[in-house]
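Report on the following structure.
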There are 2 protein chains.
Amino acid sequence: MSRSPTIIDVARRAGVSKSVVSRVMRGERSVSSSSRAAVSAAAEQLGYRANAVARSLVQRRTYNVGVMVSDLHNIFFAEVLDGLYAAAAARGYRALITTGNRDPAAERIAVEQLLELRADGVVLAGARLEADVIAGFARSVPIALVGSDLRLRDVDVVVDDDSRGATLAVEHLVGLGHRDIALIDGGHGAGAAQRRAGYESAMRSAKLARFARIEPGDFTEEGGYEGARRLLRRGKRPTAIFASNDQSAVGALNAIEEADLDVPGDISLMGYDNTALAALRHISLTTVHQPRRQIGEMAMTAVLRRIERPGARAQRHVLAPRLVLRATTAKPSRSVKRSR
Amino acid sequence: MSRSPTIIDVARRAGVSKSVVSRVMRGERSVSSSSRAAVSAAAEQLGYRANAVARSLVQRRTYNVGVMVSDLHNIFFAEVLDGLYAAAAARGYRALITTGNRDPAAERIAVEQLLELRADGVVLAGARLEADVIAGFARSVPIALVGSDLRLRDVDVVVDDDSRGATLAVEHLVGLGHRDIALIDGGHGAGAAQRRAGYESAMRSAKLARFARIEPGDFTEEGGYEGARRLLRRGKRPTAIFASNDQSAVGALNAIEEADLDVPGDISLMGYDNTALAALRHISLTTVHQPRRQIGEMAMTAVLRRIERPGARAQRHVLAPRLVLRATTAKPSRSVKRSR
DNA sequence: TATACTGACGGGAACGTTCCCATTGGGAAC
DNA sequence: GTTCCCAATGGGAACGTTCCCGTCAGTATA
């Protein structure tokens with residue numbers, strides 16, 4: 001654990017100048033093969049490891065891209081991260097992950113730290129940050145947003161068409177014969193507003209505006225559970241619940257089952273995201289798919305593009321969501337129909 | 001996006017020397033209040049942000065702790081990360097997360113990069129790295145292991161007593177009357193070997209060694225699914241399956257249900273970790289709890305301790321696991337008993 | 001033979017901080 | 001009034017690289 005060896009130590013040992021060592025380390029040619037061999041041997045013996053801090057200082061770039069994930073408990077982001085990682089590695093960058101635990105203040109600090117570390121770019125995945133805070137960050141570094149469809153100058157955005165996805169969900173339920181369809185909302189979560197808007201407009205289009213009910217939620221299991229409990233307790237029970245994401249749908253499932261009701265017999269239930277959770281046979285949740293890995297890849301690609309072409313304009317990528325039919329939706333039961 | 005302001009720009013604007021600016025930024029007293037005000041104002045106006053790269057270079061430390069997580073898809077680690085984060089933040093360090101996607105080669109590269117970034121310490125969560133590779137890393141930086149119980153000089157270890165946990169699981173099943181208890185293994189996963197050993201010795205203690213069956217797995221859902229399918233297809237069907245972690249237990253659940261068998265009616269099923277997955281009412285998996293958050297806190301504390309007291313000896317912390325009874329275990333059914 | 005070019009190499013400046021040391025001025029103590 | 005001390009400040013060195021430029025020997029070209 002003594003002072004770690006520097007390029008100078010290696011140079012001394014190899015009997016060359018620090019310049020030659022630097023060249024060898026960076027894989028430059030225009031180094032004689034004998035020098036190259038001597039340097040490699042010396043580096044190996046000393047256990048030399050390049051100092052990225054010093055390199056970053058002089059190059060004025062780090063080849064790091066910061067990734068702030070709002071919630072590591074939501075497996076939705078795991079696959080987004082896969083995509084982010086893969087795209088970064090393919091272009092010679094590293095992705096460094098931090099999180100703010102769904103707390104805007106903590107998220108802000110996390111991003112601030114990434115900027116102090118001089119990340120060359122930043123991806124915000126599911127950020128709950130205010131638009132002007134993000135705009136502020138965007139003035140010092142290329143930023144890409146995943147999931148939050150904010151229209152900001154100089155900020156790349158990669159989203160699925162959340163409004164369209166919500167419409168698909170409502171249309172599916174309406175097609176089955178449901179009319180009393182409640183939404184468990186996503187609050188300030190990324191994309192929640194769009195999903196809410198899609199739900200509302202789809203309900204209107206189906207002439208079901210008077211049935212529309214929006215129950216507060218926050219994209220967590222706990223939020224879904226509480227939301228569903230309120231829906232079941234209060235007034236006429238809906239025949240279908242559309243939860244703003246899979247995480248909260250699973251919470252709702254818990255509440256429904258706790259109330260001794262059957263899904264989809266008594267209530268149909270839908271989620272959003274098509275996470276691994278939804279695919280579990282035991283849950284088998286009807287949901288809306290978004291291409292998570294691809295979203296991650298596109299976001300990283302967008303940031304890298306603007307890192308390497310500083311003038312380039314930010315872009316907005318909107319991906320098409322897709323309905324995934326599973327076992328939690330069915331025609332409304334007769335008994336409930338009759339009760340109207 | 002022009003060159004970001006430095007301490008010198010701020011100094012010039014505030015009409016003081018760079019030393020004073022540095023002092024203000026680091027919150028040193030022994031700066032007159034007028035200078036302090038001038039510097040703060042200038043920094044604010046210029047949008048100055050401290051350059052952690054330059055600071056790290058001169059201080060020869062980064063206040064970064066690298067965290068390499070083997071699998072971000074396994075929510076087990078999400079709560080470990082909560083603990084790691086909290087403990088780091090409380091002591092003025094940042095945690096930077098990377099992953100190797102359960103691939104030893106990728107994990108190695110990920111850690112190597114953390115060392116190039118000159119992380120002051122590294123936490124390996126669920127690492128699948130070879131012991132000598134880890135030992136090599138430990139020669140340049142304090143390392144703590146989460147989940148992998150490797151006895152290495154100068155490496156902190158935080159684990160639950162996996163062998164004991166597995167024993168608890170087997171004893172529970174035996175207590176219910178099971179004898180034909182199969183294990184779905186965790187392969188090279190962290191803690192898998194200990195859980196396997198606990199299973200084997202508990203089976204022996206219960207005089208059930210001849211029933212012991214170890215089916216390969218890898219801590220993933222897919223692995224659990226495949227393992228259970230093989231168990232159900234081949235020979236006498238076990239009356240209980242103990243999966244090495246919740247993730248694979250859920251996969252096994254899928255396979256069992258696909259085979260039109262009832263849990264726990266036809267087969268009892270246990271997991272390990274007590275993740276949020278297991279707690280889902282719809283799954284309600286009997287499992288073994290480990291205090292994830294606390295594990296994360298302890299691991300971070302251990303690394304920080306050795307960062308700040310370079311000579312200190314590494315420690316090994318073993319936490320007690322605890323049985324969590326839920327709905328997937330019951331007495332073996334009569335029909336199966338009779339078939340013996 | 002003189003000139004130009006090329007490959008290999010070395011040395012110094014720069015990156016943006018922190019840290020150490022020297023300097024200054026004013027007030028307290030005598 | 002002198003001495004001493006301390007708070008406040010400034011300047012330079014250092015951290016470990018990369019990058020640029022200059023040098024030098026050897027070879028090709030005229």
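Residue names in the structure tokens use chain letters A, B, ... in the order shown, residue numbers from 1 in each chain, and ligand numbers from 1 in the order shown.
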Distance table requested - chain C against chain A, cut-off 7 Å, only C-alpha atoms (C1' of nucleotides): one row per qualifying residue with the closest atom pair and its distance in Å to one decimal, ordered by chain and rising residue number, as a Markdown table.
```
| residue | atom | partner | partner_atom | distance |
| --- | --- | --- | --- | --- |
| C:DG7 | C1' | A:Ser30 | CA | 6.5 |
| C:DA8 | C1' | A:Val31 | CA | 6.2 |
| C:DG10 | C1' | A:Ser17 | CA | 6.2 |
| C:DC15 | C1' | A:Val58 | CA | 4.2 |
```
**Asked** Any idea what's packed within 12 Å of DT29 (chain D), counting only C-alpha atoms (C1' of nucleotides), ignoring anything in its chain fewer than 3 positions away? Could you give it as a list in words?
**Response** DA2, DT3, DA4 and DC5 of chain C
Could you write out that same residue set with N, CA and C atoms (P, O5', C5', C4', C3', O3' and C1' of nucleotides) as a short mmCIF file (atom, residue, chain, number, x, y, z; two decimals), in the first residue's frame?
```
data_model
loop_
_atom_site.label_atom_id
_atom_site.label_comp_id
_atom_site.auth_asym_id
_atom_site.auth_seq_id
_atom_site.Cartn_x
_atom_site.Cartn_y
_atom_site.Cartn_z
P DA C 2 29.72 18.81 -48.38
"O5'" DA C 2 28.24 19.34 -48.62
"C5'" DA C 2 27.94 20.11 -49.77
"C4'" DA C 2 26.45 20.16 -49.99
"C3'" DA C 2 25.65 20.62 -48.77
"O3'" DA C 2 24.69 21.58 -49.20
"C1'" DA C 2 24.81 18.55 -49.53
P DT C 3 23.77 22.34 -48.10
"O5'" DT C 3 22.40 21.57 -48.23
"C5'" DT C 3 21.74 21.53 -49.50
"C4'" DT C 3 20.50 20.65 -49.37
"C3'" DT C 3 19.60 20.98 -48.19
"O3'" DT C 3 18.32 21.36 -48.70
"C1'" DT C 3 19.96 18.64 -48.38
P DA C 4 17.18 21.83 -47.72
"O5'" DA C 4 16.27 20.53 -47.67
"C5'" DA C 4 16.00 19.82 -48.88
"C4'" DA C 4 15.23 18.55 -48.55
"C3'" DA C 4 14.18 18.73 -47.46
"O3'" DA C 4 12.96 18.15 -47.92
"C1'" DA C 4 15.65 16.94 -46.90
P DC C 5 11.61 18.33 -47.05
"O5'" DC C 5 11.48 16.88 -46.40
"C5'" DC C 5 11.56 15.74 -47.25
"C4'" DC C 5 11.81 14.51 -46.41
"C3'" DC C 5 10.82 14.32 -45.25
"O3'" DC C 5 10.08 13.14 -45.48
"C1'" DC C 5 13.06 13.85 -44.59
#
```
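Candidate residues B:Leu84, B:Ile307, B:Val53, B:Val123 were compared for distance to chain D, and the nearest is B:Val53, using only C-alpha atoms (C1' of nucleotides).
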**Request:** For chain A, work out the contacting residues on chain B at 6 Å, counting only C-alpha atoms, and write them as a PyMOL selection string.
**Result:** chain B and resi 1+50-53+72-73+78+96-97+116-117+139-140+254+281
**Asked** Which residues in region 153-303 of chain B does DSSP call strand (DSSP E)? List them as a ChimeraX atom specification.
**Response** /B:155-160,181-184,213-215,240-243,268-270,287-289
Cut-off 12 Å: closest chain D/chain B atom pairs per residue, using only C-alpha atoms (C1' of nucleotides), as CSV:
```
residue,atom,partner,partner_atom,distance
D:DC6,C1',B:Ser30,CA,10.4
D:DA7,C1',B:Ser30,CA,6.4
D:DA8,C1',B:Val31,CA,6.3
D:DT9,C1',B:Val20,CA,7.3
D:DG10,C1',B:Ser17,CA,6.3
D:DG11,C1',B:Ser19,CA,9.0
D:DG12,C1',B:Ser19,CA,11.3
D:DA13,C1',B:Val58,CA,11.3
D:DA14,C1',B:Val58,CA,7.3
D:DC15,C1',B:Val58,CA,4.2
D:DG16,C1',B:Leu57,CA,7.5
D:DT17,C1',B:Leu57,CA,10.0
```
**Asked** Counting only C-alpha atoms (C1' of nucleotides), what is within 9 Å of region 227-235 of chain B, bar same-chain residues fewer than 3 positions away, as an MDAnalysis selection string?
**Response** chainID B and resid 182 184:185 215:217 222:224 238 241 248:249 251:256 259
Nearby residues (only C-alpha atoms (C1' of nucleotides)) at most 9 Å from Leu325 (chain B), same-chain spacing under 6 positions excluded, as a tab-separated table (two decimals) with N, CA, C and O atoms, in the first residue's frame:
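Produced file around05.tsv, reproduced below:
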```tsv
chain	number	residue	atom	x	y	z
B	284	SER	N	-45.16	-14.68	-1.95
B	284	SER	CA	-45.17	-15.04	-0.54
B	284	SER	C	-44.26	-16.23	-0.25
B	284	SER	O	-44.67	-17.28	0.21
B	285	LEU	N	-43.02	-16.01	-0.56
B	285	LEU	CA	-42.02	-17.07	-0.52
B	285	LEU	C	-41.41	-17.22	0.87
B	285	LEU	O	-40.92	-16.26	1.46
B	286	THR	N	-41.44	-18.43	1.39
B	286	THR	CA	-40.70	-18.71	2.61
B	286	THR	C	-39.21	-18.63	2.28
B	286	THR	O	-38.77	-19.18	1.28
B	287	THR	N	-38.47	-17.93	3.12
B	287	THR	CA	-37.09	-17.64	2.73
B	287	THR	C	-36.23	-17.37	3.95
B	287	THR	O	-36.69	-17.50	5.09
B	288	VAL	N	-35.00	-17.01	3.72
B	288	VAL	CA	-34.08	-16.70	4.81
B	288	VAL	C	-33.68	-15.24	4.67
B	288	VAL	O	-33.27	-14.80	3.60
```
**Message:** Neighbouring residues of Ala314 (chain B) were defined as those with any atom within 8 Å, considering only C-alpha atoms (C1' of nucleotides); residues of the same chain fewer than 5 positions away were excluded. Please report them as a list in words.
**Reply:** Arg153, Asp154, Val155, Asp156, Val157, Ala302 and Arg306 of chain B
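In this structure, CA of Ser205 (chain A) sits 10.7 Å away from CA of Val174 (chain A).
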